[in-house]
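Student: Below is the structure I would like to discuss, written out as structure tokens.
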Amino acid sequence: MGKSFTVLHWLVLTLGLVAAQAEIPEKAEQALPNWLTGIIAVAVFLFLVFIAFLVNKAWCKTPSEAEAVPTEYAMTNGSTHETSLDAVRSSEDPKAYENVIVHQTDEKVTKM
Amino acid sequence: MENTTAKHITINNPADISVIVGYFMVVIAVGIWSTFRTNRGTVGGYFLAGRTMVWWPVGTSLFASNIGSGHFVGLAGTAAASGIAVGGFEWNALFIVLLLGWVFVPVYLTAGVITMPRYLKKRFGGSRISLYLSVISLFLYIFTKISVDMFSGAVFIQQALGWNIYVAVIALLCITALYTVTGGLAALMYTDTVQTFVIIAGAFVLMGFSFYEVGGYNALLDKYSLSLPSQRSLNISEQCYTPREDAFHLLRDPTTGDLPWPGVLFGIAIIGSWYWCSDQVIVQRCLAARSLTHVKAGCILCGYLKLLPMFLMVFPGMISRVLYPDEVGCVEPSICKKVCGTEVGCSNIAYPKLVVSIMPTGLRGLMLAVMLAALMSSLASIFNSSSTLFTMDIWTRIRPQARDKELMIVGRVWILCIVVISICWIPVVQAAQSGQLFDYIQSVTSFLAPPIAAVFFLAIFMKRVNEAGAFWGLMGGLVMGLCRMVPEFAYGSGTCLIPSNCPKLICGVHYLYFAVLLFFCTAILVLFVSYNTPPIEDKHLYRLVFSLRHSKEERVDLDCEEEERGRKARREADEKEEVVTEEDQLERGDRSIMRKIIGWFCGISDTQAPEPTEEEVTEASKQLPDISEDPLWKYIVNANALIMMSVAVYFWGYYA
């Protein structure tokens, strides 16, 4: 019983879809008001930016930051360059730091 | 016939004239004020405003040099003929202008160049590329930008005033040339700020009046599709005078649309990246900024301003067709001839028609001031930039011993030459006033610009690209572009009534698609040749490509030998001059007063710093150009860019 109902539903849906397609020039414009297409476009755009941001954070930052670590590390203890410090922060204890040189060679190995 | 008599009496009342006079007073006052603010005696002071501009002159100047009278006539006219899709040209620039500020200008700044050909010279070495680029840029300035502006200025003056075109245009050119010659870039940028205010204020007033006249935005939506000319003969097919069904869509069908959406998104982006990112006129304004943050903020300001043309010009153009379907939307050749003097159509008079018909006395003068502002600001920018190109790239090649003072004089003389060429160009423009000039301009740009855009993109992003690749890419692109351009000019682009008989194989591809195609063909050619020839070593590329822009290594310039030769020649000339001046010091007493006045007028001082010695040059080259930014402001401009892009995407979605 349930199955036949589902089939019927699908049939009606498909018919509706076909019927809608026949009148696309008029219907499609009214289906979405202008402001809604705008909002959707912005949402999609911001989502893409967010993804791009994540990708950038994940891959592109690491090599250049790692090179900058040794000099920055010596000078910027407690300054605004928190990110470079975070890069060498130990995973066990927030107040401890990894050995920078070891850290750097590690990175190079993984990159190879 | 009543129209023609009405035309001639539109602007001769005290209110209009006083507005125009007031406008000229303000422009001249600002020009003089800014002239005193900067040092105009050096190359950096004259051509780059001493690199002291803050963000708002940068942004407004970008906008004003972009918006010419061509926009008022062309945008509004095309909008009257085929709807809002032409606004895509404007809104695409929103993204391109960010590309300029975030990607291209940092590289140009660290390269330490004034002109774009010079950048390519440093990047690739050799001199043939930079010579080709300077020549083709000058060609494009004279035959596309200047002629569009002059043509549209002429249309406006004819329609609105009935003045003699020659008198009007020559007067305009002279005023423009006056403050370009005397003031240099700083004066230009400050007057551009004033011009931007005038343009926006005037256009807003006109927009208000026109929307009031038509009965609001919704009335425009309803009435546009009904705006048919009343007189039409039976043998004209219906699609020639019926407004397009997709008039209110930016993105149109990729095969049948007049501006197909892939072309609007990507083709315009490519043409735009030539216009905004690799063209002297625009880049020079960015290089004059105080710091990179100011450049970025200026780009954002310009981006926001670029949102406006859709509302200030495109919609009023469509309203004009609704209000005057018989004139603006005319289709019968004999009637068109009577209305605007050309047979193919009168959509170009859309904006002038509005100004003449619905603006009250006094505001008409304001609109004339707006048109003059647009015309003068973009012409002045082109004058200044072409003189920069000519002096820095072509003259220094002819006379390597030229000193700053000589360059200043040559730059100013070249502006006068360009003015003369422009005036000689007026009859040609008038002859070509067939309503199709804009098609020609579009096609010239999209057939010649994409190879340049491709080479700049690759030069900045790919270290591997070398001189041979870039040169043969440019040449190949030029040949491909000419293969399309020459037949199109020979056959003519045709109209709705008389389609062109150009073979489908050549002219069938839409010009925006052709731009995309040409871009990628050139890029492939450049890469192919580059990978088959030896690469350029890293030591020549520090701070010349995007990935090495923060590099602090010492760069061995590929053009260093040539520069050294130039310096040596200048030093020798210096010594010779000293001997001469000591001899005739006494004889010069009388002439020197006259010379001083001219010199002061043009901002050229007699005394100039001696040519630096070899040690001083190496010392100076160690001071790296600074593109570091205050992190706080960096985040603020980045966030603003994101907001601006979201706004832009919203509008694209809204009108898609």
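Residues in the structure tokens are numbered from 1 in each chain, the chains being A, B, ... in the order shown, and ligands are numbered from 1 in the order shown.
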Please identify all polymer residues within 8 Å of region 551-560 of chain B, counting only C-alpha atoms, omitting same-chain residues fewer than 2 positions from it, and present them as number ranges by chain.
Tutor: B: 121-126, 539-543, 548-549, 562-564, 622, 624
Student: Compile a residue-level contact table for chain A against chain B at a cut-off of 9 Å, reporting for every qualifying residue the shortest atom pair and its distance in Å to one decimal, with only C-alpha atoms counted, rows ordered by chain and ascending number, as a tab-separated table.
Tutor:
```
residue	atom	partner	partner_atom	distance
A:Pro33	CA	B:Tyr654	CA	8.4
A:Asn34	CA	B:Tyr654	CA	4.8
A:Trp35	CA	B:Tyr654	CA	5.4
A:Leu36	CA	B:Tyr654	CA	7.5
A:Thr37	CA	B:Gly653	CA	5.2
A:Gly38	CA	B:Gly653	CA	3.9
A:Ile39	CA	B:Tyr650	CA	6.1
A:Ile40	CA	B:Gly653	CA	7.6
A:Ala41	CA	B:Gly653	CA	5.5
A:Val42	CA	B:Tyr650	CA	5.4
A:Ala43	CA	B:Ser646	CA	8.6
A:Phe45	CA	B:Ser646	CA	7.2
A:Leu46	CA	B:Ser646	CA	7.3
A:Val49	CA	B:Leu642	CA	8.7
```
Student: Output all heavy atoms of each residue in that selection to a file, as a CSV table (one decimal), in the first residue's frame.
Tutor:
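The resulting file, again_23.csv, is reproduced below:
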```csv
chain,number,residue,atom,x,y,z
A,33,PRO,N,11.5,35.6,-6.1
A,33,PRO,CA,11.5,37.0,-6.2
A,33,PRO,C,13.0,37.5,-6.4
A,33,PRO,O,13.9,36.8,-5.9
A,33,PRO,CB,10.9,37.5,-5.0
A,33,PRO,CG,10.9,36.4,-4.0
A,33,PRO,CD,10.9,35.1,-4.9
A,34,ASN,N,13.1,38.7,-6.9
A,34,ASN,CA,14.5,39.2,-7.2
A,34,ASN,C,15.4,39.2,-5.9
A,34,ASN,O,16.5,38.7,-6.0
A,34,ASN,CB,14.4,40.6,-7.7
A,34,ASN,CG,14.1,40.6,-9.2
A,34,ASN,OD1,14.2,39.6,-9.8
A,34,ASN,ND2,13.7,41.7,-9.7
A,35,TRP,N,14.8,39.7,-4.8
A,35,TRP,CA,15.6,39.9,-3.6
A,35,TRP,C,16.1,38.5,-3.1
A,35,TRP,O,17.2,38.4,-2.6
A,35,TRP,CB,14.9,40.6,-2.5
A,35,TRP,CG,13.6,40.0,-2.1
A,35,TRP,CD1,12.4,40.3,-2.6
A,35,TRP,CD2,13.4,39.0,-1.1
A,35,TRP,NE1,11.4,39.5,-2.0
A,35,TRP,CE2,12.0,38.7,-1.0
A,35,TRP,CE3,14.3,38.4,-0.2
A,35,TRP,CZ2,11.5,37.8,-0.2
A,35,TRP,CZ3,13.7,37.4,0.6
A,35,TRP,CH2,12.4,37.2,0.7
A,36,LEU,N,15.3,37.5,-3.3
A,36,LEU,CA,15.6,36.1,-2.9
A,36,LEU,C,16.8,35.6,-3.7
A,36,LEU,O,17.8,35.0,-3.1
A,36,LEU,CB,14.4,35.2,-2.9
A,36,LEU,CG,14.6,33.9,-2.1
A,36,LEU,CD1,14.9,34.2,-0.7
A,36,LEU,CD2,13.4,33.1,-2.3
A,37,THR,N,16.8,35.8,-5.0
A,37,THR,CA,17.9,35.3,-5.8
A,37,THR,C,19.2,36.0,-5.3
A,37,THR,O,20.3,35.4,-5.2
A,37,THR,CB,17.8,35.6,-7.3
A,37,THR,OG1,16.9,36.7,-7.4
A,37,THR,CG2,17.3,34.4,-8.0
A,38,GLY,N,19.0,37.3,-5.0
A,38,GLY,CA,20.2,38.1,-4.5
A,38,GLY,C,20.7,37.5,-3.2
A,38,GLY,O,21.9,37.3,-3.1
A,39,ILE,N,19.8,37.2,-2.3
A,39,ILE,CA,20.2,36.7,-1.0
A,39,ILE,C,20.9,35.3,-1.2
A,39,ILE,O,22.0,35.0,-0.6
A,39,ILE,CB,19.0,36.5,0.0
A,39,ILE,CG1,18.4,37.9,0.3
A,39,ILE,CG2,19.4,35.8,1.2
A,39,ILE,CD1,19.2,38.7,1.2
A,40,ILE,N,20.3,34.5,-2.0
A,40,ILE,CA,20.9,33.2,-2.3
A,40,ILE,C,22.3,33.3,-2.9
A,40,ILE,O,23.2,32.7,-2.4
A,40,ILE,CB,20.0,32.4,-3.2
A,40,ILE,CG1,18.7,32.0,-2.5
A,40,ILE,CG2,20.7,31.1,-3.7
A,40,ILE,CD1,17.6,31.4,-3.4
A,41,ALA,N,22.4,34.2,-3.8
A,41,ALA,CA,23.7,34.4,-4.4
A,41,ALA,C,24.8,34.9,-3.4
A,41,ALA,O,25.9,34.3,-3.3
A,41,ALA,CB,23.6,35.5,-5.5
A,42,VAL,N,24.4,35.8,-2.5
A,42,VAL,CA,25.3,36.2,-1.4
A,42,VAL,C,25.6,35.1,-0.5
A,42,VAL,O,26.8,34.9,-0.2
A,42,VAL,CB,24.7,37.4,-0.6
A,42,VAL,CG1,25.5,37.7,0.6
A,42,VAL,CG2,24.5,38.6,-1.5
A,43,ALA,N,24.6,34.2,-0.2
A,43,ALA,CA,24.9,33.1,0.7
A,43,ALA,C,25.9,32.2,0.1
A,43,ALA,O,26.9,31.7,0.7
A,43,ALA,CB,23.6,32.4,1.0
A,45,PHE,N,28.0,32.9,-2.2
A,45,PHE,CA,29.3,33.5,-2.3
A,45,PHE,C,30.1,33.5,-1.0
A,45,PHE,O,31.3,33.1,-0.9
A,45,PHE,CB,29.1,35.0,-2.8
A,45,PHE,CG,30.3,35.9,-2.6
A,45,PHE,CD1,31.4,35.7,-3.5
A,45,PHE,CD2,30.4,36.8,-1.6
A,45,PHE,CE1,32.5,36.5,-3.4
A,45,PHE,CE2,31.5,37.6,-1.5
A,45,PHE,CZ,32.6,37.5,-2.4
A,46,LEU,N,29.4,33.8,0.1
A,46,LEU,CA,30.0,33.8,1.4
A,46,LEU,C,30.5,32.4,1.8
A,46,LEU,O,31.5,32.2,2.3
A,46,LEU,CB,29.1,34.3,2.5
A,46,LEU,CG,28.8,35.8,2.4
A,46,LEU,CD1,27.9,36.3,3.5
A,46,LEU,CD2,30.1,36.6,2.5
A,49,VAL,N,33.6,31.8,-0.1
A,49,VAL,CA,34.7,32.5,0.6
A,49,VAL,C,35.2,31.8,1.8
A,49,VAL,O,36.4,31.7,2.1
A,49,VAL,CB,34.3,34.0,0.9
A,49,VAL,CG1,35.2,34.6,1.9
A,49,VAL,CG2,34.1,34.8,-0.3
```
Student: When you look at Met310 (chain B) with a cut-off of 12 Å (counting only C-alpha atoms), what residues show up, excluding the ones that are within fewer than 4 positions of it in the same chain? I need them as a PyMOL selection string.
Tutor: chain B and resi 71-72+75-76+78-79+83-92+203-204+207+248+250+304-306+314-318+648+651-652+655
Student: Give me the residues within 8 Å of region 412-417 of chain B as a count of residues only, counting only C-alpha atoms and dropping any in the same chain fewer than 4 places off.
Tutor: 9
Student: In Å, how far is it from CA of Ile536 (chain B) to CA of Ala523 (chain B)?
Tutor: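 Interatomic distance here is 17.8 Å.
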Student: Tell me which protein, DNA and RNA residues are within 10 Å of Met480 (chain B), counting only C-alpha atoms, leaving out same-chain ones fewer than 3 positions away, and put them as a ChimeraX atom specification.
Tutor: /B:447-448,451,474-477,483-485,514,518,521-522
Student: Could those selected residues go to a file with N, CA, C and O atoms, as a PDB file, in the first residue's frame?
Tutor:
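Output saved as result_6.pdb:
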```pdb
ATOM      1  N   PHE B 447      39.428  42.694 -29.309  1.00  0.00           N
ATOM      2  CA  PHE B 447      40.319  41.967 -30.208  1.00  0.00           C
ATOM      3  C   PHE B 447      41.784  42.246 -29.906  1.00  0.00           C
ATOM      4  O   PHE B 447      42.647  41.454 -30.241  1.00  0.00           O
ATOM      5  N   LEU B 448      42.077  43.373 -29.275  1.00  0.00           N
ATOM      6  CA  LEU B 448      43.479  43.713 -29.039  1.00  0.00           C
ATOM      7  C   LEU B 448      43.910  43.558 -27.581  1.00  0.00           C
ATOM      8  O   LEU B 448      45.068  43.293 -27.300  1.00  0.00           O
ATOM      9  N   PRO B 451      45.317  39.616 -25.297  1.00  0.00           N
ATOM     10  CA  PRO B 451      46.694  39.132 -25.193  1.00  0.00           C
ATOM     11  C   PRO B 451      47.501  39.884 -24.135  1.00  0.00           C
ATOM     12  O   PRO B 451      48.282  39.280 -23.397  1.00  0.00           O
ATOM     13  N   LEU B 474      52.399  37.710 -27.282  1.00  0.00           N
ATOM     14  CA  LEU B 474      51.791  38.990 -27.673  1.00  0.00           C
ATOM     15  C   LEU B 474      51.617  39.074 -29.180  1.00  0.00           C
ATOM     16  O   LEU B 474      50.576  39.491 -29.691  1.00  0.00           O
ATOM     17  N   MET B 475      52.661  38.636 -29.900  1.00  0.00           N
ATOM     18  CA  MET B 475      52.591  38.717 -31.359  1.00  0.00           C
ATOM     19  C   MET B 475      51.498  37.793 -31.893  1.00  0.00           C
ATOM     20  O   MET B 475      50.682  38.184 -32.734  1.00  0.00           O
ATOM     21  N   GLY B 476      51.486  36.554 -31.397  1.00  0.00           N
ATOM     22  CA  GLY B 476      50.462  35.604 -31.836  1.00  0.00           C
ATOM     23  C   GLY B 476      49.071  36.135 -31.545  1.00  0.00           C
ATOM     24  O   GLY B 476      48.163  36.061 -32.379  1.00  0.00           O
ATOM     25  N   GLY B 477      48.911  36.689 -30.331  1.00  0.00           N
ATOM     26  CA  GLY B 477      47.616  37.241 -29.958  1.00  0.00           C
ATOM     27  C   GLY B 477      47.218  38.382 -30.869  1.00  0.00           C
ATOM     28  O   GLY B 477      46.064  38.491 -31.285  1.00  0.00           O
ATOM     29  N   CYS B 483      43.155  39.044 -37.306  1.00  0.00           N
ATOM     30  CA  CYS B 483      42.434  38.159 -38.212  1.00  0.00           C
ATOM     31  C   CYS B 483      40.932  38.335 -38.053  1.00  0.00           C
ATOM     32  O   CYS B 483      40.172  38.143 -38.998  1.00  0.00           O
ATOM     33  N   ARG B 484      40.510  38.643 -36.836  1.00  0.00           N
ATOM     34  CA  ARG B 484      39.088  38.839 -36.626  1.00  0.00           C
ATOM     35  C   ARG B 484      38.684  40.289 -36.895  1.00  0.00           C
ATOM     36  O   ARG B 484      37.622  40.568 -37.445  1.00  0.00           O
ATOM     37  N   MET B 485      39.575  41.209 -36.512  1.00  0.00           N
ATOM     38  CA  MET B 485      39.199  42.619 -36.546  1.00  0.00           C
ATOM     39  C   MET B 485      39.091  43.135 -37.979  1.00  0.00           C
ATOM     40  O   MET B 485      38.146  43.846 -38.319  1.00  0.00           O
ATOM     41  N   PHE B 514      34.991  35.673 -28.143  1.00  0.00           N
ATOM     42  CA  PHE B 514      36.277  35.757 -28.830  1.00  0.00           C
ATOM     43  C   PHE B 514      37.355  36.254 -27.876  1.00  0.00           C
ATOM     44  O   PHE B 514      38.496  35.773 -27.909  1.00  0.00           O
ATOM     45  N   LEU B 518      40.669  34.247 -27.167  1.00  0.00           N
ATOM     46  CA  LEU B 518      41.950  34.868 -27.464  1.00  0.00           C
ATOM     47  C   LEU B 518      42.850  34.859 -26.230  1.00  0.00           C
ATOM     48  O   LEU B 518      44.050  34.583 -26.311  1.00  0.00           O
ATOM     49  N   CYS B 521      44.133  31.278 -25.779  1.00  0.00           N
ATOM     50  CA  CYS B 521      45.080  30.920 -26.835  1.00  0.00           C
ATOM     51  C   CYS B 521      46.426  31.589 -26.574  1.00  0.00           C
ATOM     52  O   CYS B 521      47.481  30.954 -26.673  1.00  0.00           O
ATOM     53  N   THR B 522      46.377  32.883 -26.231  1.00  0.00           N
ATOM     54  CA  THR B 522      47.619  33.591 -25.954  1.00  0.00           C
ATOM     55  C   THR B 522      48.342  32.957 -24.776  1.00  0.00           C
ATOM     56  O   THR B 522      49.554  32.735 -24.823  1.00  0.00           O
TER      57      THR B 522
END
```
Student: State, in Å with one decimal place, the distance from CA of Phe457 (chain B) to CA of Cys60 (chain A).
Tutor: 20.2 Å
Student: Find the spatial neighbours of Thr60 (chain B), counting only C-alpha atoms, within a cut-off of 9 Å - ignore same-chain residues fewer than 5 positions away - and output them as a VMD selection string.
Tutor: chain B and resid 55 65 189 to 190 192 to 197 298 301 to 302 305
